[in-house]
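Peer 1: Okay, handing you the structure first.
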Amino acid sequence: MRITLEDVEYRYSVNTPFEHLALHDVNMTIEPGTYTAVIGHTGSGKSTLLQHLNVLLRPTKGRVIIGERTIRAQKKKEKNLKSIRQKVGIVFQFPEHQLFEETVEKDICFGPMNFGVPEAKAKELARIALKQVGLEQEILKKSPFDLSGGQMRRVAIAGVIAMEPDVLVLDEPTAGLDPRGRKEIMDMFYQLHKDRGISTILVTHSMEDAARYADDIIIMHKGTVYQKGKPEEIFSKPDQLLELGLDVPDTVRFQLMLQREMGIRFARPSLSLEDLVADIKEAMERGNRL
Amino acid sequence: MMDKMIFGRYVPADSAIHKMDPRAKLMLVFLFVCTIFLANNVVTYGLVAIFTIGLIILSKIPPRFLYNGLKPVFLLIVFTFLLHILFTKEGEVIFEFGILNIYEGGLKQGAFISLRFTFLILVTSLLTLTTTPISITDGMEELLNPFKKWKLPIHELALMMSISLRFIPTLMEETDKIMKAQAARGVDFTSGPLKDRVKSIVPLLVPLFVSSFKRAEELATAMESRGYRGGEGRTKYRQLSWNTRDNLLMAALVVLAVLLFLLRS
């Protein structure tokens, strides 16, 4: 499902002294089956932006086209948003705060059943989703409040995956997790993206994650799209990123240090450790030949 | 959701009323509420109106906010007006329509009572619009201090009040966040049959309670670890200061009260 934003503007608390322009002139298209990372400083409008993707917020100007539906900036109440919300799942920051049912199973079934999936099918989906997030089936009957923080996070994520969305929006899904849990969850989302062709939009502060997983990167700055491009393009201009108060992946920083200290020149920014090793090897061989 | 919660909210501005001592403001409002009952004719109501409008102008609050404050009680005002028109039978009949007689006294009484209502609401909402909740609490604590003699836990009450006020925005934010998270999971909070809407409160309330209890515990730990032991010997970060400005406004109210007392019929 394609999502297009055209000249989107969003203001909070219109017509009060608290009015605040959070987004302006946002234009972007999320193609079906792509993996997009949204990076930007705190307060750059990332969270506001992603709430437009399933009409939790409606633009105060411009329009959002989600699949067949067009959401305009009108007062008129939009009917039947459920179909959009089923197709575009959002995993919010600290999703474990949304757990409320008596058992893990009921909580995971909650989303699918709201969208009209029969109970038996929802339970089936819950089992699959639980496996996907790497939890044992035994905890299905446990209370979500008896689980550890990391397990709660996974259960909450399973609750969104069980909705079988076409588009998955992730707002810093690994904030506050340990490094191992972080990698497991990020790999899990990537696997889902590959296996089911789910378009994924990841809001993150981790440049490593953005570099490793994303096809496209969007930089938000002061409420608008500052730049968009492939990770190679974005990370080949590190000065610009640093100026915005953002960072480059460790691998790129390492390359920059090598370049400064040892004069090694690289043909491209390395987006993963494997790439980095290959690029250093290549650069050194080239250097030896010269 | 928060967009509509303007009523009863602090509106920052740089005005004489904003800078007043919260104690003075609280006393002013309290005494004004008493004074207004002295008014009983056109001249005295006129004076009260001038005083109220004067306060509004001094406060630099856009009239739109005061209007928003009046809106919820507007029906009540109209209702009292009608009651008086229909049931007060004093003075000459000015309008006759079958069994419906409208007397001069009723019209007058109705207008006065509605005006009194309006002025009361305007002045009290002026208090909340120009004073941060925290300074209202500080002011109250200071004003109620004498009651400590009778072992009333004034400091604890004030602390409870400021903690709850402090966490209203946090709780609202939290509510908004959880509502959005559940809406993304297919809960419809705004439309659908009443039964479904009542049901949809559960996925909102449970997480809210859980996080509130957690937060309360964290707050208690944080306070204890920073050495909080109750009100005894505690100094204040925000010092209240009573200035000429406060004296002048209190004097203005006294003048109003004296005038009302002299001019009332």
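Naming scheme: A, B, ... for chains in displayed order of the structure tokens; residues 1 onward per chain; ligands 1 onward as shown.
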Show me which bits of chain A are within 10 Å of chain B, counting only C-alpha atoms, as a ChimeraX atom specification.

Peer 2: /A:12-19,51,54-57,79-93,95-101,107-108,110-116,145,159-160,163

Peer 1: Mind listing the helix (DSSP H, G or I) residues of region 106-263 of chain A, per DSSP on the backbone, as a ChimeraX atom specification?

Peer 2: /A:106-114,119-132,137-141,144-146,149-161,179-196,207-213,231-235,238-243,250-262

Peer 1: Go ahead and dump the residues you just picked, C-alpha atoms, as a compact mmCIF listing (two decimals), in the first residue's frame.

Peer 2:
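again.txt, freshly written:
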```txt
# COMPACT_ATOMS: atom_id res chain seq x y z
CA LYS A 106 -6.33 -11.77 25.13
CA ASP A 107 -4.14 -8.73 24.76
CA ILE A 108 -2.66 -9.90 21.48
CA CYS A 109 -6.12 -10.88 20.20
CA PHE A 110 -7.51 -7.45 21.13
CA GLY A 111 -6.33 -5.71 17.93
CA PRO A 112 -7.38 -8.39 15.42
CA MET A 113 -10.78 -8.84 17.10
CA ASN A 114 -11.43 -5.10 16.98
CA GLU A 119 -11.87 -15.40 18.02
CA ALA A 120 -10.48 -18.74 16.83
CA LYS A 121 -8.58 -17.05 14.02
CA ALA A 122 -7.36 -14.30 16.37
CA LYS A 123 -5.93 -16.92 18.74
CA GLU A 124 -4.14 -18.51 15.82
CA LEU A 125 -2.72 -15.11 14.86
CA ALA A 126 -1.66 -14.54 18.47
CA ARG A 127 0.28 -17.79 18.51
CA ILE A 128 2.05 -16.93 15.27
CA ALA A 129 2.82 -13.39 16.38
CA LEU A 130 4.17 -14.57 19.72
CA LYS A 131 6.51 -16.95 17.96
CA GLN A 132 7.57 -14.17 15.63
CA GLN A 137 3.82 -20.21 23.89
CA GLU A 138 3.57 -20.90 27.65
CA ILE A 139 3.19 -17.23 28.48
CA LEU A 140 -0.06 -16.95 26.50
CA LYS A 141 -2.03 -17.69 29.67
CA PRO A 144 1.12 -9.38 30.89
CA PHE A 145 1.86 -7.53 34.14
CA ASP A 146 3.82 -10.52 35.50
CA GLY A 149 9.97 -5.26 30.78
CA GLY A 150 11.54 -6.80 27.69
CA GLN A 151 8.89 -9.51 27.46
CA MET A 152 6.11 -6.94 27.86
CA ARG A 153 7.60 -4.97 24.98
CA ARG A 154 7.57 -8.08 22.80
CA VAL A 155 3.99 -8.92 23.73
CA ALA A 156 2.90 -5.39 22.82
CA ILE A 157 4.69 -5.65 19.49
CA ALA A 158 3.04 -9.04 18.89
CA GLY A 159 -0.31 -7.31 19.46
CA VAL A 160 0.38 -5.04 16.50
CA ILE A 161 1.87 -7.73 14.26
CA PRO A 179 21.79 -4.39 23.25
CA ARG A 180 20.93 -8.02 22.62
CA GLY A 181 17.16 -7.48 22.82
CA ARG A 182 17.59 -4.47 20.60
CA LYS A 183 19.30 -6.43 17.88
CA GLU A 184 16.85 -9.33 18.13
CA ILE A 185 13.84 -7.06 17.76
CA MET A 186 15.34 -5.06 14.91
CA ASP A 187 16.27 -8.27 13.08
CA MET A 188 12.76 -9.59 13.68
CA PHE A 189 11.19 -6.50 12.08
CA TYR A 190 13.58 -6.77 9.15
CA GLN A 191 12.66 -10.42 8.68
CA LEU A 192 8.95 -9.54 8.70
CA HIS A 193 9.63 -6.84 6.14
CA LYS A 194 11.45 -9.32 3.90
CA ASP A 195 9.12 -12.31 4.36
CA ARG A 196 5.75 -10.62 4.17
CA MET A 207 22.14 5.84 12.89
CA GLU A 208 23.47 2.27 12.88
CA ASP A 209 19.93 0.87 12.58
CA ALA A 210 19.03 3.40 9.89
CA ALA A 211 22.16 2.52 7.91
CA ARG A 212 21.81 -1.21 8.32
CA TYR A 213 18.13 -1.78 7.57
CA PRO A 231 21.69 5.65 3.13
CA GLU A 232 24.87 5.91 1.01
CA GLU A 233 23.94 9.41 -0.11
CA ILE A 234 22.86 10.58 3.32
CA PHE A 235 25.93 9.30 5.12
CA PRO A 238 28.65 13.64 7.47
CA ASP A 239 29.28 17.37 8.07
CA GLN A 240 25.72 18.20 7.22
CA LEU A 241 24.38 15.61 9.65
CA LEU A 242 26.62 16.83 12.44
CA GLU A 243 25.45 20.37 11.80
CA ASP A 250 30.03 4.27 14.03
CA THR A 251 31.33 2.60 10.90
CA VAL A 252 31.28 5.90 8.99
CA ARG A 253 32.88 7.70 11.92
CA PHE A 254 35.64 5.12 11.94
CA GLN A 255 36.19 5.68 8.23
CA LEU A 256 36.43 9.42 8.81
CA MET A 257 39.03 8.89 11.53
CA LEU A 258 41.07 6.59 9.32
CA GLN A 259 40.89 9.12 6.57
CA ARG A 260 42.08 11.92 8.85
CA GLU A 261 44.81 9.98 10.66
CA MET A 262 46.12 7.72 7.95
```

Peer 1: Mind checking which residues fall within 10 Å of Arg116 (chain B), counting only C-alpha atoms, ignoring those fewer than 5 positions away in the same chain, and posting them as a compact mmCIF listing (two decimals) with C-alpha atoms, in the first residue's frame?

Peer 2:
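The file below, part.txt, is the result:
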```txt
# COMPACT_ATOMS: atom_id res chain seq x y z
CA VAL B 33 -17.85 37.41 46.02
CA ILE B 36 -21.30 41.66 45.11
CA PHE B 37 -24.25 40.69 47.29
CA ALA B 39 -25.44 45.50 45.02
CA ASN B 40 -29.19 45.83 44.56
CA TYR B 45 -24.57 47.05 39.64
CA VAL B 48 -19.60 46.33 40.05
CA ALA B 49 -19.58 46.18 36.24
CA ILE B 77 -27.79 32.06 33.71
CA GLY B 110 -33.89 38.43 36.75
CA ALA B 111 -31.47 40.82 35.10
CA ILE B 121 -17.86 33.68 36.98
CA LEU B 122 -15.82 36.36 35.21
```

Peer 1: Determine, counting only C-alpha atoms, which protein, DNA and RNA residues have an atom within 9 Å of an atom of Lys228 (chain A); residues of the same chain fewer than 6 positions away are not included. Present the result as number ranges by chain.

Peer 2: A: 28, 216-220, 234

Peer 1: Pick the closest to Thr80 (chain B) from B:Ile113, B:Met20, B:Leu55, B:Ile99: which is it, counting only C-alpha atoms?

Peer 2: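 Among B:Ile113, B:Met20, B:Leu55, B:Ile99, it is B:Ile113 that comes nearest to Thr80 (chain B).
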
Peer 1: Which residues come within 7 Å of Thr204 (chain A), counting only C-alpha atoms, excluding same-chain residues fewer than 3 positions away, as a tab-separated table (two decimals) with C-alpha atoms, in the first residue's frame?

Peer 2:
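And here is the file that came out, result-v9.tsv:
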```tsv
chain	number	residue	atom	x	y	z
A	38	VAL	CA	13.02	8.68	9.64
A	39	ILE	CA	15.74	10.43	11.59
A	171	ASP	CA	8.50	4.69	16.79
A	172	GLU	CA	11.83	3.89	18.43
```

Peer 1: Contacts of Pro169 (chain B) at 12 Å or less, counting only C-alpha atoms, minus same-chain residues fewer than 4 places along, as a VMD selection string?

Peer 2: chain B and resid 2 5 9 133 163 to 165 173 to 176

Peer 1: Which residues are close to Glu31 (chain A), i.e. within 7 Å by only C-alpha atoms, leaving aside same-chain residues fewer than 3 positions away? Reply as a list of chain:residue names.

Peer 2: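 Final neighbour list, sorted by chain and number: A:Arg2, A:Ile3, A:Thr34.
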
Peer 1: Keeping C-alpha atoms for every residue in the selection just given, could you write it to a file as an mmCIF file, in the first residue's frame?

Peer 2:
```cif
data_model
loop_
_atom_site.group_PDB
_atom_site.id
_atom_site.type_symbol
_atom_site.label_atom_id
_atom_site.label_comp_id
_atom_site.auth_asym_id
_atom_site.auth_seq_id
_atom_site.Cartn_x
_atom_site.Cartn_y
_atom_site.Cartn_z
ATOM 1 C CA ARG A 2 1.402 3.361 -1.014
ATOM 2 C CA ILE A 3 1.254 6.305 1.358
ATOM 3 C CA THR A 34 10.110 -0.443 1.207
#
```

Peer 1: What is the CA of Ala175 (chain A) to CA of Ala216 (chain B) distance in Å?

Peer 2: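 Between these atoms lies a distance of 22.8 Å.
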
Peer 1: Rank A:Asp25, A:Asp178, A:Asp247, A:Asp166 by their smallest atom-to-atom distance to His205 (chain A), using only C-alpha atoms, and report the top residue only.

Peer 2: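 Of A:Asp25, A:Asp178, A:Asp247, A:Asp166, the one nearest His205 (chain A) is A:Asp247, counting only C-alpha atoms.
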
Peer 1: Could you work out how far CA of Leu244 (chain A) lies from CA of Ala37 (chain A), giving the answer in Å with one decimal?

Peer 2: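 One can read the CA of Ala37 (chain A) to CA of Leu244 (chain A) distance as 16.5 Å.
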
Peer 1: Run DSSP on the backbone and tell me which residues of region 2-251 of chain A come out as strand (DSSP E); list them as a PyMOL selection string.

Peer 2: chain A and resi 3-12+20-30+35-40+61-66+69-72+88-91+167-171+199-203+216-221+224-229
